[in-house]
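Structure below is coords-v7.cif: mmCIF, C-alpha atoms (C1' of nucleotides).
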```
data_coords
loop_
_atom_site.label_atom_id
_atom_site.label_comp_id
_atom_site.auth_asym_id
_atom_site.auth_seq_id
_atom_site.Cartn_x
_atom_site.Cartn_y
_atom_site.Cartn_z
CA MET A 107 4.66 8.31 27.67
CA SER A 108 8.01 9.86 26.89
CA THR A 109 7.78 12.96 24.75
CA LEU A 110 10.29 11.47 22.32
CA LYS A 111 8.30 8.31 21.90
CA SER A 112 5.22 10.40 21.28
CA LYS A 113 7.10 12.57 18.80
CA ILE A 114 8.29 9.52 16.89
CA LEU A 115 4.72 8.21 16.71
CA VAL A 116 3.41 11.51 15.37
CA VAL A 117 6.15 11.82 12.78
CA ALA A 118 5.85 8.18 11.69
CA THR A 119 2.08 8.53 11.34
CA ASP A 120 2.51 11.48 9.03
CA LEU A 121 5.31 9.96 6.96
CA PHE A 122 3.55 6.62 6.61
CA GLN A 123 0.47 8.36 5.29
CA THR A 124 2.21 10.80 2.96
CA ARG A 125 4.97 8.54 1.60
CA GLY A 126 3.73 5.05 2.31
CA ILE A 127 4.82 2.65 5.04
CA ASN A 128 7.26 0.51 3.11
CA SER A 129 8.73 3.55 1.39
CA THR A 130 9.55 5.24 4.69
CA GLY A 131 12.78 4.13 6.32
CA VAL A 132 13.53 4.44 10.00
CA ASP A 133 16.41 6.77 9.10
CA THR A 134 13.93 9.24 7.64
CA ILE A 135 11.66 8.96 10.65
CA VAL A 136 14.38 9.72 13.18
CA ALA A 137 15.77 12.53 11.03
CA VAL A 138 12.38 14.27 10.85
CA ALA A 139 11.67 13.57 14.51
CA GLY A 140 15.04 15.07 15.38
CA THR A 141 16.37 12.02 17.17
CA THR A 142 18.44 8.94 16.47
CA LYS A 143 17.90 5.32 15.63
CA MET A 144 19.16 4.22 19.03
CA THR A 145 16.34 6.12 20.67
CA LEU A 146 13.75 4.78 18.25
CA TYR A 147 14.83 1.21 18.91
CA LYS A 148 14.72 1.88 22.63
CA TYR A 149 10.98 2.56 22.45
CA PHE A 150 10.07 0.21 19.61
CA VAL A 151 11.60 -3.21 19.31
CA SER A 152 11.29 -3.20 15.52
CA LYS A 153 9.87 -1.23 12.65
CA GLU A 154 6.92 -3.59 12.57
CA ASN A 155 6.26 -2.83 16.22
CA LEU A 156 6.34 0.88 15.40
CA ILE A 157 3.86 0.37 12.56
CA LEU A 158 1.52 -1.49 14.90
CA GLU A 159 1.69 1.25 17.51
CA VAL A 160 1.09 3.91 14.89
CA LEU A 161 -1.98 2.02 13.73
CA LYS A 162 -3.28 1.58 17.27
CA LYS A 163 -2.86 5.24 18.14
CA GLY A 164 -4.47 6.39 14.90
CA HIS A 165 -7.46 4.16 15.40
CA ASP A 166 -7.90 5.01 19.06
CA ASP A 167 -7.64 8.72 18.33
CA PHE A 168 -10.24 8.52 15.59
CA GLN A 169 -12.66 6.28 17.47
CA GLY A 170 -12.30 8.41 20.59
CA TRP A 171 -12.92 11.61 18.71
CA LEU A 172 -15.89 10.25 16.78
CA THR A 173 -17.54 8.71 19.83
CA GLU A 174 -17.23 11.92 21.77
CA GLN A 175 -18.63 14.01 18.94
CA LEU A 176 -21.63 11.73 18.59
CA ASN A 177 -22.26 11.49 22.32
CA THR A 178 -22.23 15.23 22.81
CA SER A 179 -24.24 15.95 19.68
CA SER A 180 -27.31 13.91 20.41
CA LYS A 181 -28.90 11.45 22.80
CA LYS A 182 -31.36 9.89 20.40
CA PRO A 183 -29.82 6.82 18.73
CA SER A 184 -31.41 7.40 15.34
CA GLU A 185 -30.12 10.97 15.30
CA LYS A 186 -26.65 9.82 16.19
CA LEU A 187 -26.75 7.52 13.22
CA LEU A 188 -27.87 10.31 10.93
CA LYS A 189 -25.14 12.60 12.21
CA LEU A 190 -22.45 9.98 11.73
CA PHE A 191 -21.44 11.06 8.26
CA GLU A 192 -21.58 14.74 9.22
CA PHE A 193 -18.72 14.19 11.60
CA ILE A 194 -16.91 11.85 9.26
CA GLU A 195 -17.12 14.54 6.60
CA GLU A 196 -15.71 17.06 9.03
CA TRP A 197 -12.85 14.69 9.75
CA VAL A 198 -12.13 13.81 6.14
CA THR A 199 -12.22 17.38 4.86
CA SER A 200 -10.09 18.80 7.66
CA PRO A 201 -6.78 20.08 6.29
CA ASN A 202 -4.69 17.68 8.34
CA PHE A 203 -6.56 14.60 7.12
CA ARG A 204 -4.02 12.16 5.73
CA GLY A 205 -6.12 9.05 5.22
CA MET A 206 -7.27 6.16 7.31
CA GLY A 207 -4.41 4.13 8.70
CA PHE A 208 -5.88 0.67 8.46
CA ILE A 209 -7.03 1.10 4.87
CA LYS A 210 -3.58 1.92 3.60
CA ALA A 211 -1.87 -0.59 5.87
CA SER A 212 -3.98 -3.47 4.62
CA ALA A 213 -3.04 -2.57 1.06
CA GLU A 214 0.66 -2.48 1.85
CA PHE A 215 0.49 -5.71 3.86
CA PRO A 216 -1.90 -7.94 1.89
CA ASN A 217 -0.66 -11.16 3.44
CA GLU A 218 -3.31 -12.30 5.89
CA GLU A 219 -0.67 -13.73 8.19
CA SER A 220 1.05 -10.39 8.61
CA PRO A 221 0.44 -8.87 12.06
CA VAL A 222 -0.04 -5.49 10.39
CA HIS A 223 -2.72 -6.89 8.12
CA GLN A 224 -4.41 -8.61 11.01
CA LEU A 225 -4.54 -5.47 13.10
CA SER A 226 -5.89 -3.49 10.15
CA SER A 227 -8.55 -6.07 9.60
CA GLU A 228 -9.51 -6.02 13.25
CA GLN A 229 -9.74 -2.24 13.33
CA SER A 230 -11.99 -2.28 10.30
CA ARG A 231 -14.19 -4.81 12.08
CA GLU A 232 -14.25 -2.73 15.27
CA PHE A 233 -15.35 0.34 13.38
CA ARG A 234 -18.12 -1.61 11.71
CA GLN A 235 -19.21 -3.02 15.04
CA TYR A 236 -19.40 0.46 16.48
CA ILE A 237 -21.71 1.55 13.69
CA GLY A 238 -23.63 -1.66 14.24
CA SER A 239 -24.15 -0.78 17.89
CA LEU A 240 -25.47 2.63 16.88
CA ALA A 241 -27.87 0.98 14.45
CA SER A 242 -28.87 -1.54 17.05
CA ASP A 243 -29.62 1.20 19.58
CA ALA A 244 -31.80 2.82 16.95
CA ASN A 245 -33.82 -0.41 16.78
CA ILE A 246 -32.92 -1.15 13.21
CA LYS A 247 -33.84 -4.66 12.23
CA ASP A 248 -30.82 -5.62 10.18
CA ALA A 249 -28.37 -3.52 12.16
CA GLU A 250 -25.36 -5.45 11.00
CA GLY A 251 -26.34 -5.18 7.38
CA LEU A 252 -26.78 -1.44 7.60
CA ALA A 253 -23.47 -1.15 9.48
CA LEU A 254 -21.73 -3.00 6.71
CA GLN A 255 -23.29 -0.78 4.05
CA LEU A 256 -22.35 2.38 5.89
CA SER A 257 -18.82 1.18 6.46
CA LEU A 258 -18.51 0.42 2.76
CA LEU A 259 -19.54 3.97 1.99
CA PHE A 260 -17.11 5.22 4.60
CA GLU A 261 -14.17 3.20 3.32
CA GLY A 262 -15.00 4.02 -0.26
CA ALA A 263 -15.15 7.73 0.49
CA VAL A 264 -11.90 7.68 2.44
CA GLN A 265 -10.32 5.76 -0.43
CA ALA A 266 -11.61 8.32 -2.91
CA GLU A 267 -10.33 11.19 -0.82
CA GLN A 268 -6.95 9.51 -0.40
CA MET A 269 -6.79 9.16 -4.14
CA LYS A 270 -7.75 12.74 -4.85
CA ARG A 271 -8.04 15.43 -2.21
CA GLY A 272 -11.14 17.58 -2.50
CA SER A 273 -12.97 14.93 -4.46
CA GLY A 274 -16.22 15.85 -2.79
CA ALA A 275 -16.92 12.18 -2.33
CA MET A 276 -18.00 12.70 1.25
CA LYS A 277 -20.87 14.92 0.23
CA TYR A 278 -22.42 12.12 -1.80
CA ALA A 279 -21.52 9.49 0.76
CA LYS A 280 -23.49 11.54 3.27
CA LYS A 281 -26.50 11.68 0.96
CA ALA A 282 -26.29 7.95 0.31
CA SER A 283 -26.03 7.21 4.02
CA LYS A 284 -29.17 9.24 4.67
CA ILE A 285 -31.11 7.25 2.10
CA LEU A 286 -29.88 3.93 3.47
CA ILE A 287 -30.47 4.87 7.12
CA GLU A 288 -33.97 6.24 6.53
CA GLY A 289 -34.82 3.16 4.53
CA ALA A 290 -33.62 0.91 7.33
CA LEU A 291 -35.46 2.92 9.98
CA ALA A 292 -38.68 2.54 8.01
CA ASP A 293 -38.34 -1.23 7.79
CA MET B 1360 3.08 -9.24 -27.57
CA SER B 1361 5.88 -11.63 -26.71
CA THR B 1362 4.77 -14.56 -24.59
CA LEU B 1363 7.53 -13.79 -22.10
CA LYS B 1364 6.42 -10.20 -21.70
CA SER B 1365 2.90 -11.42 -21.18
CA LYS B 1366 4.06 -13.99 -18.66
CA ILE B 1367 5.97 -11.35 -16.69
CA LEU B 1368 2.87 -9.15 -16.64
CA VAL B 1369 0.70 -11.97 -15.34
CA VAL B 1370 3.18 -13.00 -12.66
CA ALA B 1371 3.82 -9.40 -11.57
CA THR B 1372 0.08 -8.75 -11.33
CA ASP B 1373 -0.35 -11.69 -9.02
CA LEU B 1374 2.70 -10.95 -6.86
CA PHE B 1375 1.88 -7.27 -6.56
CA GLN B 1376 -1.58 -8.14 -5.34
CA THR B 1377 -0.63 -10.94 -2.96
CA ARG B 1378 2.59 -9.47 -1.52
CA GLY B 1379 2.34 -5.77 -2.23
CA ILE B 1380 4.08 -3.78 -4.94
CA ASN B 1381 6.96 -2.34 -2.93
CA SER B 1382 7.52 -5.63 -1.18
CA THR B 1383 7.96 -7.49 -4.45
CA GLY B 1384 11.42 -7.30 -5.96
CA VAL B 1385 12.17 -7.81 -9.63
CA ASP B 1386 14.29 -10.81 -8.65
CA THR B 1387 11.20 -12.52 -7.27
CA ILE B 1388 9.17 -11.66 -10.36
CA VAL B 1389 11.67 -13.11 -12.81
CA ALA B 1390 12.20 -16.19 -10.63
CA VAL B 1391 8.48 -16.97 -10.55
CA ALA B 1392 8.07 -16.13 -14.22
CA GLY B 1393 10.96 -18.47 -15.00
CA THR B 1394 13.08 -15.89 -16.77
CA THR B 1395 15.88 -13.45 -16.02
CA LYS B 1396 16.29 -9.80 -15.18
CA MET B 1397 17.88 -9.07 -18.53
CA THR B 1398 14.71 -10.18 -20.25
CA LEU B 1399 12.51 -8.21 -17.90
CA TYR B 1400 14.51 -5.05 -18.52
CA LYS B 1401 14.34 -5.66 -22.23
CA TYR B 1402 10.55 -5.35 -22.16
CA PHE B 1403 10.20 -2.84 -19.34
CA VAL B 1404 12.56 0.07 -18.98
CA SER B 1405 12.17 0.13 -15.21
CA LYS B 1406 10.20 -1.39 -12.38
CA GLU B 1407 7.97 1.68 -12.38
CA ASN B 1408 7.24 1.11 -16.03
CA LEU B 1409 6.32 -2.50 -15.24
CA ILE B 1410 3.98 -1.33 -12.47
CA LEU B 1411 2.28 1.06 -14.86
CA GLU B 1412 1.80 -1.64 -17.48
CA VAL B 1413 0.44 -4.04 -14.88
CA LEU B 1414 -2.06 -1.41 -13.82
CA LYS B 1415 -3.08 -0.67 -17.39
CA LYS B 1416 -3.61 -4.30 -18.25
CA GLY B 1417 -5.57 -4.97 -15.07
CA HIS B 1418 -7.85 -2.04 -15.66
CA ASP B 1419 -8.39 -2.77 -19.34
CA ASP B 1420 -9.13 -6.41 -18.61
CA PHE B 1421 -11.67 -5.54 -15.95
CA GLN B 1422 -13.35 -2.78 -17.90
CA GLY B 1423 -13.48 -4.92 -20.99
CA TRP B 1424 -14.96 -7.85 -19.15
CA LEU B 1425 -17.54 -5.75 -17.31
CA THR B 1426 -18.61 -3.84 -20.40
CA GLU B 1427 -19.11 -7.03 -22.36
CA GLN B 1428 -21.08 -8.67 -19.56
CA LEU B 1429 -23.39 -5.68 -19.29
CA ASN B 1430 -23.83 -5.30 -23.04
CA THR B 1431 -24.76 -8.92 -23.55
CA SER B 1432 -26.99 -9.07 -20.48
CA SER B 1433 -29.40 -6.32 -21.32
CA LYS B 1434 -30.23 -3.53 -23.73
CA LYS B 1435 -32.25 -1.35 -21.38
CA PRO B 1436 -30.01 1.19 -19.66
CA SER B 1437 -31.79 1.06 -16.30
CA GLU B 1438 -31.49 -2.72 -16.25
CA LYS B 1439 -27.81 -2.51 -17.04
CA LEU B 1440 -27.40 -0.25 -14.06
CA LEU B 1441 -29.27 -2.64 -11.83
CA LYS B 1442 -27.19 -5.57 -13.02
CA LEU B 1443 -23.92 -3.75 -12.48
CA PHE B 1444 -23.34 -5.05 -8.98
CA GLU B 1445 -24.42 -8.55 -9.95
CA PHE B 1446 -21.42 -8.79 -12.24
CA ILE B 1447 -19.14 -7.00 -9.83
CA GLU B 1448 -20.10 -9.53 -7.19
CA GLU B 1449 -19.34 -12.32 -9.59
CA TRP B 1450 -15.94 -10.79 -10.24
CA VAL B 1451 -15.12 -10.12 -6.59
CA THR B 1452 -16.18 -13.53 -5.33
CA SER B 1453 -14.42 -15.47 -8.07
CA PRO B 1454 -11.61 -17.57 -6.61
CA ASN B 1455 -8.91 -15.79 -8.58
CA PHE B 1456 -9.94 -12.34 -7.42
CA ARG B 1457 -6.89 -10.64 -5.94
CA GLY B 1458 -8.14 -7.10 -5.48
CA MET B 1459 -8.39 -3.98 -7.59
CA GLY B 1460 -5.07 -2.78 -8.87
CA PHE B 1461 -5.61 0.94 -8.66
CA ILE B 1462 -6.93 0.83 -5.11
CA LYS B 1463 -3.84 -0.83 -3.74
CA ALA B 1464 -1.47 1.12 -5.95
CA SER B 1465 -2.80 4.45 -4.76
CA ALA B 1466 -2.23 3.36 -1.17
CA GLU B 1467 1.32 2.31 -1.85
CA PHE B 1468 2.08 5.44 -3.85
CA PRO B 1469 0.32 8.23 -1.95
CA ASN B 1470 2.41 11.01 -3.45
CA GLU B 1471 0.20 12.79 -5.98
CA GLU B 1472 3.20 13.47 -8.19
CA SER B 1473 4.00 9.79 -8.58
CA PRO B 1474 3.10 8.47 -12.04
CA VAL B 1475 1.70 5.35 -10.40
CA HIS B 1476 -0.58 7.42 -8.20
CA GLN B 1477 -1.67 9.52 -11.14
CA LEU B 1478 -2.56 6.50 -13.24
CA SER B 1479 -4.48 4.96 -10.34
CA SER B 1480 -6.39 8.15 -9.85
CA GLU B 1481 -7.22 8.33 -13.54
CA GLN B 1482 -8.43 4.74 -13.64
CA SER B 1483 -10.68 5.37 -10.68
CA ARG B 1484 -12.09 8.39 -12.50
CA GLU B 1485 -12.58 6.38 -15.70
CA PHE B 1486 -14.50 3.71 -13.87
CA ARG B 1487 -16.74 6.32 -12.26
CA GLN B 1488 -17.31 7.94 -15.63
CA TYR B 1489 -18.35 4.63 -17.09
CA ILE B 1490 -20.96 4.19 -14.36
CA GLY B 1491 -21.95 7.78 -14.95
CA SER B 1492 -22.58 7.06 -18.61
CA LEU B 1493 -24.78 4.11 -17.66
CA ALA B 1494 -26.74 6.34 -15.28
CA SER B 1495 -26.97 9.03 -17.90
CA ASP B 1496 -28.34 6.57 -20.45
CA ALA B 1497 -30.96 5.59 -17.90
CA ASN B 1498 -32.06 9.23 -17.78
CA ILE B 1499 -31.09 9.73 -14.19
CA LYS B 1500 -31.09 13.37 -13.23
CA ASP B 1501 -27.98 13.51 -11.08
CA ALA B 1502 -26.11 10.82 -12.99
CA GLU B 1503 -22.73 11.92 -11.75
CA GLY B 1504 -23.87 11.91 -8.17
CA LEU B 1505 -25.24 8.40 -8.41
CA ALA B 1506 -22.09 7.27 -10.19
CA LEU B 1507 -19.99 8.61 -7.36
CA GLN B 1508 -22.15 6.88 -4.77
CA LEU B 1509 -22.01 3.57 -6.58
CA SER B 1510 -18.26 3.82 -7.06
CA LEU B 1511 -17.88 4.48 -3.34
CA LEU B 1512 -19.82 1.32 -2.62
CA PHE B 1513 -17.72 -0.52 -5.16
CA GLU B 1514 -14.39 0.67 -3.79
CA GLY B 1515 -15.52 0.11 -0.24
CA ALA B 1516 -16.61 -3.43 -1.00
CA VAL B 1517 -13.40 -4.24 -2.85
CA GLN B 1518 -11.46 -2.79 0.06
CA ALA B 1519 -13.45 -4.92 2.50
CA GLU B 1520 -12.89 -8.03 0.43
CA GLN B 1521 -9.18 -7.29 0.12
CA MET B 1522 -9.03 -6.99 3.87
CA LYS B 1523 -10.92 -10.17 4.52
CA ARG B 1524 -11.83 -12.71 1.88
CA GLY B 1525 -15.38 -13.97 2.07
CA SER B 1526 -16.50 -10.92 4.00
CA GLY B 1527 -19.85 -10.98 2.22
CA ALA B 1528 -19.55 -7.25 1.73
CA MET B 1529 -20.62 -7.51 -1.88
CA LYS B 1530 -24.01 -8.90 -0.94
CA TYR B 1531 -24.83 -5.78 1.05
CA ALA B 1532 -23.21 -3.48 -1.45
CA LYS B 1533 -25.57 -4.94 -4.03
CA LYS B 1534 -28.59 -4.30 -1.82
CA ALA B 1535 -27.43 -0.76 -1.15
CA SER B 1536 -26.88 -0.12 -4.84
CA LYS B 1537 -30.41 -1.28 -5.58
CA ILE B 1538 -31.84 1.17 -3.07
CA LEU B 1539 -29.75 4.05 -4.39
CA ILE B 1540 -30.47 3.29 -8.05
CA GLU B 1541 -34.20 2.88 -7.58
CA GLY B 1542 -34.29 6.08 -5.58
CA ALA B 1543 -32.45 7.93 -8.34
CA LEU B 1544 -34.69 6.46 -11.04
CA ALA B 1545 -37.75 7.70 -9.17
CA ASP B 1546 -36.44 11.27 -8.93
"C1'" DG C 1324 29.08 18.24 42.58
"C1'" DA C 1325 28.89 13.24 41.74
"C1'" DT C 1326 26.08 9.70 40.00
"C1'" DT C 1327 22.81 7.72 36.98
"C1'" DA C 1328 19.61 7.40 33.44
"C1'" DT C 1329 18.69 9.30 28.78
"C1'" DA C 1330 19.94 10.72 24.39
"C1'" DT C 1331 23.36 11.48 20.61
"C1'" DA C 1332 26.84 10.56 17.19
"C1'" DT C 1333 28.63 7.50 14.20
"C1'" DA C 1334 30.15 3.58 12.32
"C1'" DC C 1335 29.03 -0.82 10.61
"C1'" DA C 1336 27.28 -5.61 9.67
"C1'" DG C 1337 24.27 -8.11 6.74
"C1'" DA C 1338 20.77 -8.38 3.74
"C1'" DA C 1339 18.02 -6.70 -0.11
"C1'" DT C 1340 17.10 -3.28 -3.61
"C1'" DT C 1341 17.30 -1.74 -8.80
"C1'" DG C 1342 19.70 -1.79 -12.77
"C1'" DT C 1343 23.92 -3.01 -15.81
"C1'" DC C 1344 27.65 -5.67 -17.98
"C1'" DT C 1345 29.70 -9.58 -20.28
"C1'" DA C 1346 29.64 -14.01 -21.92
"C1'" DT C 1347 27.20 -18.07 -23.16
"C1'" DT C 1348 23.39 -20.77 -24.79
"C1'" DT C 1349 19.16 -21.54 -27.03
"C1'" DT C 1350 15.90 -20.78 -30.67
"C1'" DA C 1351 14.20 -19.46 -35.44
"C1'" DG C 1352 14.53 -18.38 -40.25
"C1'" DG C 1353 16.60 -18.45 -44.71
"C1'" DC D 275 23.49 -25.82 -41.88
"C1'" DC D 276 24.44 -21.14 -40.63
"C1'" DT D 277 23.41 -16.89 -39.22
"C1'" DA D 278 20.99 -13.61 -36.34
"C1'" DA D 279 17.99 -12.72 -32.81
"C1'" DA D 280 16.35 -13.91 -28.22
"C1'" DA D 281 17.04 -15.60 -23.82
"C1'" DT D 282 19.98 -17.22 -19.99
"C1'" DA D 283 23.53 -17.22 -16.52
"C1'" DG D 284 25.69 -14.89 -13.15
"C1'" DA D 285 28.56 -11.53 -11.45
"C1'" DC D 286 28.56 -6.87 -9.83
"C1'" DA D 287 28.06 -1.80 -8.84
"C1'" DA D 288 25.65 1.42 -6.10
"C1'" DT D 289 22.32 2.32 -3.01
"C1'" DT D 290 19.15 1.48 0.66
"C1'" DC D 291 17.26 -1.09 4.31
"C1'" DT D 292 16.88 -2.78 9.35
"C1'" DG D 293 19.08 -3.43 13.40
"C1'" DT D 294 23.32 -3.22 16.58
"C1'" DA D 295 27.67 -1.82 18.87
"C1'" DT D 296 30.53 1.56 20.99
"C1'" DA D 297 31.69 5.71 22.72
"C1'" DT D 298 30.37 10.39 23.95
"C1'" DA D 299 27.43 13.98 25.64
"C1'" DT D 300 23.50 15.83 28.05
"C1'" DA D 301 20.00 15.83 31.80
"C1'" DA D 302 18.11 15.05 36.03
"C1'" DT D 303 18.51 13.37 40.86
"C1'" DC D 304 20.48 12.66 45.37
#
```
Give the structure from this file in structure tokens form.
Amino acid sequence: MSTLKSKILVVATDLFQTRGINSTGVDTIVAVAGTTKMTLYKYFVSKENLILEVLKKGHDDFQGWLTEQLNTSSKKPSEKLLKLFEFIEEWVTSPNFRGMGFIKASAEFPNEESPVHQLSSEQSREFRQYIGSLASDANIKDAEGLALQLSLLFEGAVQAEQMKRGSGAMKYAKKASKILIEGALAD
Amino acid sequence: MSTLKSKILVVATDLFQTRGINSTGVDTIVAVAGTTKMTLYKYFVSKENLILEVLKKGHDDFQGWLTEQLNTSSKKPSEKLLKLFEFIEEWVTSPNFRGMGFIKASAEFPNEESPVHQLSSEQSREFRQYIGSLASDANIKDAEGLALQLSLLFEGAVQAEQMKRGSGAMKYAKKASKILIEGALAD
DNA sequence: GATTATATATACAGAATTGTCTATTTTAGG
DNA sequence: CCTAAAATAGACAATTCTGTATATATAATC
């Protein structure tokens, strides 16, 4: 991938998160990225296309990072599950955390027919499915139910942290996840 | 309050939720409300002012409704707490549910200095405090902690339902809340 | 060094945005 | 009925938005 394209993606990701997607014009993006609109429209056919690529990259980066952390941390499925929120906390409390792309995007594009909304919705589902596979590997009976509960905690905590940095929400989300996971393991 | 002002508030609430705040122009609002811009700007000094009033009304309506439901349903604090998510589910799954104002608003106005963001943040805090007072009345030791956990579940479930109607998230949020509340009561 | 792809600079069309101004019409109250 | 307030109609300024066109400059490649 061209370094300019990559630069535009990085800058757009940051601006979308800190100023909002609809409030960020392509003029601002190219100015901060140190390039021009002609170049942006060479790599992205439209602003919507740029938004979609930003979302994809953000999600892939996060999923890739999380999967690797969990895989290297433990082999035992139930332990992976219990460590899930440890890593999520690390991610959320890191200084360069700016929020979860698909959560904000779905709020800015509420129309279910919008491609941006659809991608957000799909990413949310993918994340839940990943947790579900962890729960399934740990032989939890209602793996999908637990996955949904944990993803609610996750999305709620991210939402809380987006609303107020340093809210400490993750600490309690972690505790809650432990209670829910241990309960499900005992079933 | 003038019926026209009220009508504008109702229409704006709906449009903001279904199309997004920044994507909804005042022209659209007045057209749907069947009035004119002059009238809108007579009652609201600016679009931002309208957004703030929409948020206030939405929050007051919800809080008022929830408080009344809980007060008439039960006198015992611990039972109130346990019924909390029953009513929230009722609210979320009602056909005219369009999402929680402050959740979407905080996503569209991520800048912490924005008045809209600040109001959203405050409303989120108020809601959590209300749950905290219920937990406190039920003699729960770490009432604030439980309140935070329950509000995470709440915000996560609303987020999930905003992303995909009929997700069934509330059903599992309710189960999770029961586990967390009973655990906290036993402490 | 000449050629070719890549990026820049800049202007601009066309639409949409918020907010205002003036003039007219409708509605209510005495 | 007549007056005063409330609402409408519609144009319009000023800005901002996405996306494009054209011409110039910078790199890299043969």
Practice task
Taking the file as shown, find all residues satisfying the PyMOL selection byres ((chain A and resi 241-248) around 7) and write them as number ranges by chain.
Solution key: A: 183-184, 187, 237-240, 249-253, 290-291
Q | Interface list for chain C, partner chain B, 12 Å threshold, all atoms listed in the file, as a ChimeraX atom specification | A | /C:1339-1345
Taking the file as shown, find all residues satisfying the PyMOL selection byres ((chain B and resi 1529) around 12) and write them as number ranges by chain. A: 251, 254-255, 258; B: 1443-1453, 1512-1521, 1523-1528, 1530-1536
Fill in: Contact residues around D:DA295 with all atoms listed in the file at 12 Å, ignoring same-chain residues under 4 positions, as a ChimeraX atom specification
/A:144 /C:1333-1336
Next item on the list: Step by step, work through what the PyMOL selection byres ((chain D) within 12 of (chain A)) selects in the shown file, and finish by giving those residues as a PyMOL selection string.
Entry: chain D and resi 290-296
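Shortest separation to D:DA283 among B:Ser1382, B:Thr1362, B:Gln1376, B:Thr1394 occurs at residue B:Thr1394, atoms counted being all atoms listed in the file.
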Min atom-atom distance to chain B from the set A:Ala118, A:Ala292, A:Leu176, A:Leu286, counting all atoms listed in the file, belongs to A:Leu286
- Query: What gap, in Å, lies between atom CA of A:Val138 and atom CA of A:Val117?
  - Reply: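 According to the coordinates, atom CA of A:Val138 and atom CA of A:Val117 are separated by 7.0 Å.
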- request: Mind listing whatever residues come within 10 Å of the point (0.9, -6.5, -2.7)? Use only C-alpha atoms (C1' of nucleotides), file coordinates, and give them as a PyMOL selection string.
  value: (chain A and resi 212-217) or (chain B and resi 1371-1383+1457-1458+1460+1463-1464+1467)
What separates atom CA of B:Glu1407 and atom CA of B:Ser1473 is a distance of 9.8 Å
Counting only C-alpha atoms, closest pick from B:Leu1409, B:Ile1538, B:Val1389, B:Met1360 relative to chain A is B:Ile1538
| field | One-decimal distance in Å that lies between atom CA of B:Lys1401 and atom C1' of D:DC276 | value |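 Atom C1' of D:DC276 sits 26.1 Å away from atom CA of B:Lys1401.
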